[in-house]
Structures are given as structure tokens and as C-alpha cells.
>>> print(open('final_35.csv').read())   # CSV, C-alpha atoms (C1' of nucleotides)
chain,number,residue,atom,x,y,z
A,1,MET,CA,116.3,128.6,109.7
A,2,THR,CA,117.7,127.3,106.5
A,3,GLU,CA,114.6,125.8,105.0
A,4,THR,CA,116.8,123.7,102.6
A,5,THR,CA,114.3,122.0,100.4
A,6,MET,CA,115.1,119.7,97.5
A,7,THR,CA,113.5,118.8,94.2
A,8,ILE,CA,112.2,115.4,93.4
A,9,ARG,CA,115.3,114.6,91.3
A,10,GLU,CA,117.7,115.6,94.0
A,11,MET,CA,115.9,113.4,96.4
A,12,CYS,CA,116.0,110.5,94.0
A,13,ASP,CA,119.7,110.9,93.5
A,14,MET,CA,120.3,111.2,97.2
A,15,PHE,CA,118.3,108.1,98.3
A,16,GLU,CA,118.5,106.0,95.1
A,17,VAL,CA,114.8,105.8,94.6
A,18,THR,CA,112.6,106.7,91.6
A,19,PRO,CA,110.2,109.7,91.4
A,20,ARG,CA,107.4,107.2,91.3
A,21,THR,CA,108.4,105.9,94.7
A,22,LEU,CA,108.4,109.3,96.2
A,23,ARG,CA,105.0,110.2,94.8
A,24,PHE,CA,103.7,106.8,95.9
A,25,TYR,CA,104.9,107.5,99.5
A,26,GLU,CA,103.2,110.9,99.4
A,27,ALA,CA,100.0,109.3,98.3
A,28,LYS,CA,100.3,106.8,101.2
A,29,GLU,CA,100.9,109.8,103.5
A,30,LEU,CA,104.4,108.8,104.5
A,31,ILE,CA,105.9,112.0,103.4
A,32,PHE,CA,104.5,115.5,102.9
A,33,PRO,CA,106.4,117.6,100.3
A,34,ILE,CA,105.2,121.2,100.0
A,35,ARG,CA,104.1,122.6,96.7
A,36,GLU,CA,105.6,125.4,94.8
A,37,GLY,CA,103.1,125.8,92.1
A,38,THR,CA,102.6,122.3,91.0
A,39,LYS,CA,106.0,121.0,91.8
A,40,ARG,CA,107.0,119.1,95.0
A,41,LEU,CA,109.6,120.5,97.3
A,42,PHE,CA,111.0,118.1,99.9
A,43,THR,CA,111.9,119.4,103.3
A,44,LYS,CA,114.4,118.2,105.9
A,45,ARG,CA,111.5,116.5,107.6
A,46,ASP,CA,110.7,114.5,104.5
A,47,ARG,CA,114.3,113.4,104.2
A,48,ALA,CA,114.4,112.3,107.8
A,49,ARG,CA,111.2,110.3,107.2
A,50,LEU,CA,112.3,108.8,104.0
A,51,LYS,CA,115.5,107.6,105.7
A,52,LEU,CA,113.4,105.8,108.3
A,53,ILE,CA,111.1,104.4,105.6
A,54,LEU,CA,113.9,102.8,103.7
A,55,ARG,CA,115.4,101.5,106.9
A,56,GLY,CA,112.1,100.0,107.9
A,57,LYS,CA,111.8,98.3,104.5
A,58,ARG,CA,115.1,96.7,105.0
A,59,PHE,CA,113.9,95.2,108.2
A,60,GLY,CA,110.9,93.7,106.4
A,61,PHE,CA,108.2,96.1,107.7
A,62,SER,CA,105.3,97.0,105.4
A,63,LEU,CA,104.7,100.6,104.5
A,64,GLU,CA,101.6,100.6,106.7
A,65,GLU,CA,103.6,99.4,109.7
A,66,ILE,CA,106.3,102.0,108.9
A,67,ARG,CA,103.7,104.8,108.8
A,68,GLN,CA,102.8,104.0,112.4
A,69,LEU,CA,106.4,104.0,113.5
A,70,LEU,CA,106.9,107.3,111.7
A,71,ASP,CA,104.2,109.0,113.7
A,72,LEU,CA,106.3,108.4,116.7
A,73,TYR,CA,109.1,110.6,115.4
A,74,ASP,CA,107.1,113.7,115.2
A,75,ALA,CA,104.2,113.2,117.5
A,76,ASP,CA,102.5,116.3,118.7
A,77,PRO,CA,103.8,116.6,122.3
A,78,THR,CA,100.7,118.5,123.4
A,79,GLN,CA,98.2,115.8,122.6
A,80,GLN,CA,98.5,113.6,125.6
A,81,VAL,CA,96.1,110.8,124.5
A,82,GLN,CA,97.6,110.5,121.1
A,83,LEU,CA,101.1,110.6,122.5
A,84,ALA,CA,100.3,107.8,124.9
A,85,ARG,CA,98.9,105.6,122.2
A,86,THR,CA,102.0,106.3,120.0
A,87,TYR,CA,104.2,105.4,122.9
A,88,GLU,CA,102.5,102.1,123.3
A,89,VAL,CA,102.8,101.3,119.6
A,90,ALA,CA,106.4,102.2,119.8
A,91,GLY,CA,106.8,99.7,122.7
A,92,ARG,CA,105.5,96.9,120.6
A,93,HIS,CA,107.8,97.9,117.7
A,94,LEU,CA,110.8,98.0,120.0
A,95,LYS,CA,110.1,94.6,121.3
A,96,GLU,CA,109.7,93.2,117.8
A,97,MET,CA,113.0,94.8,116.7
A,98,GLU,CA,114.8,93.4,119.7
A,99,GLU,CA,113.4,89.9,118.9
A,100,GLN,CA,114.6,90.4,115.4
A,101,ARG,CA,118.0,91.3,116.6
A,102,ALA,CA,118.3,88.2,118.7
A,103,GLU,CA,117.2,86.1,115.7
A,104,LEU,CA,119.7,87.9,113.5
A,105,ASP,CA,122.5,87.0,116.0
A,106,VAL,CA,121.5,83.4,115.8
A,107,ALA,CA,121.4,83.4,112.0
A,108,ILE,CA,124.8,85.1,111.8
A,109,ALA,CA,126.3,82.6,114.1
A,110,GLU,CA,124.9,79.7,112.2
A,111,LEU,CA,126.0,81.1,108.9
A,112,LYS,CA,129.5,81.6,110.2
A,113,ASP,CA,129.5,78.0,111.4
A,114,GLN,CA,128.4,76.8,107.9
A,115,MET,CA,131.1,78.8,106.3
A,116,GLN,CA,133.7,77.4,108.7
A,117,TRP,CA,132.6,74.0,107.7
A,118,GLY,CA,132.7,74.9,104.1
A,119,ALA,CA,136.2,76.4,104.4
A,120,GLU,CA,137.5,73.2,106.0
A,121,LYS,CA,136.0,71.0,103.2
A,122,LEU,CA,137.6,73.3,100.7
A,123,ALA,CA,140.9,73.1,102.5
A,124,GLU,CA,140.8,69.3,102.5
A,125,MET,CA,140.4,69.4,98.8
A,126,GLY,CA,143.4,71.6,98.5
A,127,ALA,CA,141.7,74.7,97.4
A,128,ARG,CA,142.8,78.0,98.6
A,129,VAL,CA,140.2,80.3,100.2
A,130,ALA,CA,140.6,84.0,100.6
A,131,ALA,CA,140.9,83.7,104.3
A,132,GLU,CA,141.6,87.4,104.9
B,1,MET,CA,117.8,56.5,111.3
B,2,THR,CA,114.4,57.6,112.3
B,3,GLU,CA,113.1,59.0,109.0
B,4,THR,CA,110.5,60.9,110.8
B,5,THR,CA,108.3,62.4,108.1
B,6,MET,CA,105.3,64.6,108.5
B,7,THR,CA,102.1,65.2,106.6
B,8,ILE,CA,101.3,68.6,105.2
B,9,ARG,CA,98.8,69.3,108.0
B,10,GLU,CA,101.3,68.5,110.7
B,11,MET,CA,103.8,70.8,109.0
B,12,CYS,CA,101.2,73.6,108.9
B,13,ASP,CA,100.4,73.2,112.5
B,14,MET,CA,104.0,73.1,113.5
B,15,PHE,CA,105.1,76.2,111.5
B,16,GLU,CA,101.8,78.1,111.4
B,17,VAL,CA,101.6,78.2,107.6
B,18,THR,CA,99.0,77.1,105.1
B,19,PRO,CA,99.1,74.1,102.8
B,20,ARG,CA,99.2,76.5,99.9
B,21,THR,CA,102.4,78.1,101.3
B,22,LEU,CA,104.1,74.7,101.4
B,23,ARG,CA,103.0,73.7,97.9
B,24,PHE,CA,104.1,77.1,96.7
B,25,TYR,CA,107.5,76.7,98.3
B,26,GLU,CA,107.8,73.3,96.7
B,27,ALA,CA,107.0,74.8,93.3
B,28,LYS,CA,109.7,77.3,93.9
B,29,GLU,CA,112.1,74.5,94.8
B,30,LEU,CA,112.7,75.7,98.3
B,31,ILE,CA,111.6,72.4,99.8
B,32,PHE,CA,111.5,68.8,98.4
B,33,PRO,CA,108.9,66.7,100.1
B,34,ILE,CA,108.9,63.1,98.9
B,35,ARG,CA,105.7,61.5,97.5
B,36,GLU,CA,103.8,58.6,98.9
B,37,GLY,CA,101.5,57.9,96.1
B,38,THR,CA,100.2,61.4,95.4
B,39,LYS,CA,100.7,62.8,98.9
B,40,ARG,CA,103.6,64.8,100.2
B,41,LEU,CA,105.7,63.7,103.1
B,42,PHE,CA,108.0,66.2,104.6
B,43,THR,CA,111.4,65.2,105.9
B,44,LYS,CA,113.6,66.5,108.6
B,45,ARG,CA,115.5,68.3,105.9
B,46,ASP,CA,112.3,70.0,104.7
B,47,ARG,CA,111.7,71.2,108.3
B,48,ALA,CA,115.2,72.6,108.6
B,49,ARG,CA,114.8,74.4,105.3
B,50,LEU,CA,111.4,75.8,106.1
B,51,LYS,CA,112.7,77.1,109.4
B,52,LEU,CA,115.4,79.0,107.5
B,53,ILE,CA,112.9,80.2,104.9
B,54,LEU,CA,110.6,81.8,107.5
B,55,ARG,CA,113.5,83.3,109.3
B,56,GLY,CA,114.8,84.8,106.0
B,57,LYS,CA,111.4,86.3,105.4
B,58,ARG,CA,111.4,88.0,108.7
B,59,PHE,CA,114.7,89.6,107.7
B,60,GLY,CA,113.2,90.9,104.5
B,61,PHE,CA,114.8,88.6,102.0
B,62,SER,CA,112.9,87.5,99.0
B,63,LEU,CA,112.2,83.8,98.4
B,64,GLU,CA,114.7,83.8,95.5
B,65,GLU,CA,117.4,85.2,97.8
B,66,ILE,CA,116.5,82.7,100.4
B,67,ARG,CA,116.8,79.9,97.9
B,68,GLN,CA,120.5,80.8,97.3
B,69,LEU,CA,121.1,81.0,101.0
B,70,LEU,CA,119.5,77.6,101.5
B,71,ASP,CA,121.8,75.9,99.1
B,72,LEU,CA,124.6,76.7,101.4
B,73,TYR,CA,123.2,74.6,104.2
B,74,ASP,CA,123.3,71.4,102.2
B,75,ALA,CA,125.9,72.0,99.5
B,76,ASP,CA,127.4,68.8,98.1
B,77,PRO,CA,130.8,68.8,99.9
B,78,THR,CA,132.4,66.8,97.0
B,79,GLN,CA,131.7,69.4,94.3
B,80,GLN,CA,134.6,71.7,94.9
B,81,VAL,CA,133.8,74.4,92.4
B,82,GLN,CA,130.1,74.6,93.4
B,83,LEU,CA,131.1,74.7,97.1
B,84,ALA,CA,133.5,77.5,96.4
B,85,ARG,CA,130.9,79.5,94.7
B,86,THR,CA,128.4,78.8,97.5
B,87,TYR,CA,131.0,79.9,100.0
B,88,GLU,CA,131.4,83.2,98.2
B,89,VAL,CA,127.7,83.8,98.1
B,90,ALA,CA,127.5,83.0,101.8
B,91,GLY,CA,130.2,85.6,102.5
B,92,ARG,CA,128.2,88.3,100.8
B,93,HIS,CA,125.1,87.3,102.7
B,94,LEU,CA,127.0,87.3,106.0
B,95,LYS,CA,128.3,90.8,105.3
B,96,GLU,CA,124.8,91.9,104.5
B,97,MET,CA,123.4,90.5,107.7
B,98,GLU,CA,126.1,92.1,109.8
B,99,GLU,CA,125.3,95.4,108.2
B,100,GLN,CA,121.6,94.8,108.9
B,101,ARG,CA,122.5,94.1,112.6
B,102,ALA,CA,124.4,97.3,112.8
B,103,GLU,CA,121.5,99.2,111.3
B,104,LEU,CA,119.1,97.5,113.6
B,105,ASP,CA,121.2,98.5,116.6
B,106,VAL,CA,121.0,102.1,115.6
B,107,ALA,CA,117.3,101.9,115.0
B,108,ILE,CA,116.7,100.4,118.4
B,109,ALA,CA,118.8,103.0,120.1
B,110,GLU,CA,116.9,105.8,118.3
B,111,LEU,CA,113.6,104.3,119.1
B,112,LYS,CA,114.5,104.0,122.7
B,113,ASP,CA,115.6,107.6,122.7
B,114,GLN,CA,112.3,108.7,121.2
B,115,MET,CA,110.4,106.7,123.8
B,116,GLN,CA,112.4,108.2,126.6
B,117,TRP,CA,111.5,111.6,125.2
B,118,GLY,CA,107.9,110.6,125.0
B,119,ALA,CA,107.8,109.3,128.5
B,120,GLU,CA,109.2,112.6,129.8
B,121,LYS,CA,106.6,114.6,128.0
B,122,LEU,CA,103.9,112.3,129.3
B,123,ALA,CA,105.3,112.7,132.8
B,124,GLU,CA,105.2,116.5,132.5
B,125,MET,CA,101.6,116.2,131.7
B,126,GLY,CA,101.0,114.2,134.8
B,127,ALA,CA,100.2,110.9,133.0
B,128,ARG,CA,101.3,107.7,134.4
B,129,VAL,CA,103.2,105.4,132.1
B,130,ALA,CA,103.6,101.7,132.7
B,131,ALA,CA,107.3,102.0,133.3
B,132,GLU,CA,108.0,98.3,133.5
C,1,DC,C1',109.6,130.8,69.1
C,2,DG,C1',110.7,126.1,68.9
C,3,DT,C1',112.4,122.4,71.6
C,4,DT,C1',114.7,120.3,75.4
C,5,DA,C1',114.5,119.3,80.3
C,6,DC,C1',112.0,118.5,84.1
C,7,DG,C1',107.9,118.0,86.5
C,8,DT,C1',102.8,116.7,86.9
C,9,DT,C1',98.4,113.7,86.7
C,10,DT,C1',95.9,109.6,85.3
C,11,DA,C1',95.7,105.1,84.7
C,12,DC,C1',96.7,100.6,83.3
C,13,DG,C1',100.5,96.8,83.9
C,14,DT,C1',103.7,93.9,86.6
C,15,DT,C1',106.0,91.0,90.2
C,16,DC,C1',105.9,88.7,94.4
C,17,DA,C1',103.7,85.8,97.7
C,18,DC,C1',100.4,83.7,98.4
C,19,DG,C1',94.5,83.1,98.9
C,20,DT,C1',90.6,80.9,97.2
C,21,DA,C1',87.5,78.1,94.6
C,22,DA,C1',86.4,74.1,91.7
C,23,DG,C1',86.7,69.5,90.7
C,24,DC,C1',88.8,65.0,91.3
C,25,DC,C1',91.0,60.8,94.3
C,26,DT,C1',91.9,57.9,97.9
C,27,DT,C1',91.4,56.2,102.8
C,28,DG,C1',88.9,55.1,106.6
C,29,DC,C1',84.8,54.6,109.1
C,30,DT,C1',79.8,53.1,109.7
D,1,DA,C1',77.8,50.7,99.8
D,2,DG,C1',77.9,55.4,101.2
D,3,DC,C1',80.3,59.3,102.6
D,4,DA,C1',83.1,62.5,105.1
D,5,DA,C1',88.0,63.9,105.8
D,6,DG,C1',92.1,65.1,103.9
D,7,DG,C1',95.1,65.7,100.0
D,8,DC,C1',95.8,66.7,95.1
D,9,DT,C1',95.9,69.7,90.7
D,10,DT,C1',94.5,73.6,88.0
D,11,DA,C1',93.6,78.1,87.6
D,12,DC,C1',92.0,82.5,88.5
D,13,DG,C1',92.0,86.3,92.3
D,14,DT,C1',94.3,89.6,95.4
D,15,DG,C1',97.1,93.2,98.1
D,16,DA,C1',101.4,95.5,98.3
D,17,DA,C1',104.7,98.2,96.1
D,18,DC,C1',105.9,100.1,92.7
D,19,DG,C1',106.8,100.3,86.9
D,20,DT,C1',105.5,102.3,82.7
D,21,DA,C1',103.2,104.8,79.2
D,22,DA,C1',100.4,108.8,77.6
D,23,DA,C1',99.3,113.4,77.6
D,24,DC,C1',100.0,117.7,79.5
D,25,DG,C1',102.4,122.1,81.8
D,26,DT,C1',106.3,125.5,82.2
D,27,DA,C1',110.7,127.3,82.4
D,28,DA,C1',115.0,128.2,80.3
D,29,DC,C1',118.0,128.3,76.4
D,30,DG,C1',119.8,129.2,71.8
>>> encode(input="final_35.csv", output="C-alpha cells")
Amino acid sequence: MTETTMTIREMCDMFEVTPRTLRFYEAKELIFPIREGTKRLFTKRDRARLKLILRGKRFGFSLEEIRQLLDLYDADPTQQVQLARTYEVAGRHLKEMEEQRAELDVAIAELKDQMQWGAEKLAEMGARVAAE
Amino acid sequence: MTETTMTIREMCDMFEVTPRTLRFYEAKELIFPIREGTKRLFTKRDRARLKLILRGKRFGFSLEEIRQLLDLYDADPTQQVQLARTYEVAGRHLKEMEEQRAELDVAIAELKDQMQWGAEKLAEMGARVAAE
DNA sequence: CGTTACGTTTACGTTCACGTAAGCCTTGCT
DNA sequence: AGCAAGGCTTACGTGAACGTAAACGTAACG
């Protein structure tokens, strides 16, 4: 298996974060880079997790909430009890995200409405709007 | 017109926030309660804005970003230049929100996938999952 | 062999979004 | 008149999520 690891700088460039951020996430046990001597090497798993972390942040989740979600994506499938708990947590998160989606739809519709109204006002005043 | 104003406590009960939060939002010029003597009275406009503020927060926007968005919802329709600028800002926000929705759809799909996988693992182990 | 580039730890600083406590005013009972 | 409830200002405190500076290690390059 191509254990294609990356240095901290490569990670930073790829995800547009600072080294501090990656070290901070490691300290918070969100990612687990391996050590070559003293230096960190980030694995494919770390990249997958980081992607989910950044996504979660955009949705307004805290790092602690994200940590719980992350556990779902590589839960030990042999630990029945732990898996069941994780499954339940995931269910709550799913519900939350679906609610957020519904709310987002409303917000988008309202914003479009507002913009439509604005466009009309501007038209009345004889302005040209890039109406694409 | 029924200028149906509310006290700070009524607002807090209605929106599940603390007085501190409302005063803080006023200081940040997100809402503009009128004063009866020294006390704040919150208008319908304040309620509409607060609703949008809380929604924005759930989407991960900062209060400063939200403030810009809010201006859109009661822009002065006689100020053409200002309206045009606001319209443009709104366009960017709309794009951002649509991107967020797309991302959210992906996240939801992935999470469902993960849960499906988890459910199967649990089934293999002979556990019963509330499959509602 | 010096120095430049890249990485590390440790630790204090900062911004955002409020929480919390102290002290003061009015308003409405009783 | 007394006083409790509710609101106000001022100001310091707090947790999350990093930023930033200092001091050090080491690996490669000219």
C-alpha cells in the first residue's frame, strides 16, 4: 500500500491552514500524524479527517462536536458497544444536519426574494443590474 | 399600526437568549431597540433581525458577516448606490449559501452511508438497531 | 563549517461572543 | 415608608480557536 505521507508544510498548502492549526488539532486529538524522529508525517487518514474537520467548521460545529463525528468514520467495527453508541451519536448529527439543510433552503429562498425586490427597485431607478 | 414592542425579558423568553446577548447585539449595532426612559423596547424590526441573526449563527457566520447581511433586509430603497452595493454583497452571500447547501448534501449523504455500514456491522453481530 | 530552511516545543497573547458580578435607578406593591 | 423585582451601566472574566514570539534541533547546501 502506498503509505503516501505528507509533511506539515505540504498539508498546509493543500488545505490552506497554518502549522499551528494542525498542531492544535493534534493536541485536541482530532488527527494523529506519525513521527519520524521529531517531525510529523501526515497520513491519508489524517487528510480524510482534516477534510471532515474543515467541513464541520463551515457548518458551525465546534471542534469537540466534530471529534465525536470523526469517530464515526473510523470506528472499530469489532467493538459492538462502542459502535452502537457511535451509531446513535451519528443519528443525532444527521438529524441536526437535515434541520440545518431545511433552514438553509428557507434562508436561500428569502435572500433570493430580497434580491428580486432589490433588483426591481434598482430597475425603477434606471440602473442596470448584471442580470446574467 | 400595532407598534407591538416587547421588553427585554419577553424577548429573551421568545428567542431563548440572555439579556446580555441582546445588549451585546445592540452594542454591535445588530439591533436597535428604542428607549422608554432608560429601558429598552424591542420592535417588530428587532425581532425580525434577531431571527436572522440566530439563523446566521447556526450557519457559522460571524456577527460581523451577519451585520452585512442584515443591512440587505432593510436597505433604504431610495439610495441607489447603497442599494446596488448591498445587492452585490447579497449576491456573494447567496453564492456562499448555495455552496454550503451543496456541501451539506454531500455530508449528509456520506453520513447516511456510514450509518448504513454501521448498521450492517451491528446486524452481523446480532445486535438490534432501532431501525425507525 | 557556517547559515539557511524547515520543523519542534513552550508559553504567553488575541479575537470573538458572550458570562458574571457589583452597584445604581425606577416601579409597583404592601 | 420600605423593599423586592426588573432593568441599567461598567467592567472584569471566560472558553474556544488559534496567533505569535522565543529558543532550540537538524539536515542540506555552497
>>> interface_residues(input="final_35.csv", of="chain D", to="chain B", cutoff="10 Å", atoms="all atoms listed in the file", output="NGL selection string")
:D and (6-8)
>>> atom_distance(input="final_35.csv", atom1="atom CA of B:Lys57", atom2="atom C1' of C:DC16")
12.5 Å
>>> residues_around(input="final_35.csv", residues="C:DA11", least_positions_apart="6", cutoff="12 Å", atoms="all atoms listed in the file", output="ChimeraX atom specification")
/D:20-23
>>> residues_around(input="final_35.csv", residues="stretch 12-18 of chain B", least_positions_apart="5", cutoff="12 Å", atoms="all atoms listed in the file", output="list in words")
Met6, Thr7, Arg23, Phe24, Tyr25, Phe42, Asp46, Arg47, Ala48, Arg49, Leu50, Lys51, Leu52, Ile53, Leu54 and Arg55 of chain B; DC18 and DG19 of chain C
>>> atom_distance(input="final_35.csv", atom1="atom CA of B:Gly60", atom2="atom CA of A:Arg58")
6.1 Å
>>> atom_distance(input="final_35.csv", atom1="atom CA of B:Met11", atom2="atom CA of B:Ile31")
12.2 Å
>>> residues_around(input="final_35.csv", residues="D:DA5", least_positions_apart="3", cutoff="12 Å", atoms="only C-alpha atoms (C1' of nucleotides)", output="PDB file with C-alpha atoms (C1' of nucleotides), in the frame of the given file")
ATOM      1  C1'  DT C  26      91.900  57.900  97.900  1.00  0.00           C
ATOM      2  C1'  DT C  27      91.400  56.200 102.800  1.00  0.00           C
ATOM      3  C1'  DG C  28      88.900  55.100 106.600  1.00  0.00           C
ATOM      4  C1'  DC C  29      84.800  54.600 109.100  1.00  0.00           C
TER       5       DC C  29
END
>>> closest_atom_pairs(input="final_35.csv", of="chain C", to="chain A", cutoff="9 Å", atoms="all atoms listed in the file", output="CSV")
residue,atom,partner,partner_atom,distance
C:DC6,C1',A:Arg9,CA,8.8
C:DG7,C1',A:Lys39,CA,6.4
C:DT8,C1',A:Thr38,CA,6.9
>>> residues_around(input="final_35.csv", residues="C:DT30", least_positions_apart="6", cutoff="12 Å", atoms="all atoms listed in the file", output="PDB file with C-alpha atoms (C1' of nucleotides), in the coordinates of the input")
ATOM      1  C1'  DA D   1      77.800  50.700  99.800  1.00  0.00           C
ATOM      2  C1'  DG D   2      77.900  55.400 101.200  1.00  0.00           C
ATOM      3  C1'  DC D   3      80.300  59.300 102.600  1.00  0.00           C
ATOM      4  C1'  DA D   4      83.100  62.500 105.100  1.00  0.00           C
TER       5       DA D   4
END
>>> interface_residues(input="final_35.csv", of="chain A", to="chain B", cutoff="8 Å", atoms="only C-alpha atoms", output="PyMOL selection string")
chain A and resi 55+57-61+72-73+77+80+83-84+87+90-91+94+97-98+100-101+103-105+108+111-112+114-115+118-119+121-122+125
>>> residues_around(input="final_35.csv", residues="C:DG2", least_positions_apart="2", cutoff="12 Å", atoms="all atoms listed in the file", output="VMD selection string")
(chain C and resid 4) or (chain D and resid 29 to 30)
>>> residues_near_point(input="final_35.csv", point="(100.3, 93.8, 87.3)", cutoff="12 Å", atoms="only C-alpha atoms (C1' of nucleotides)", output="MDAnalysis selection string")
(chainID C and resid 12:16) or (chainID D and resid 14:20)
>>> closest_residue(input="final_35.csv", among="A:Glu99, A:Glu29, A:Arg92, A:Val106", to="A:Asp71", atoms="only C-alpha atoms")
A:Glu29
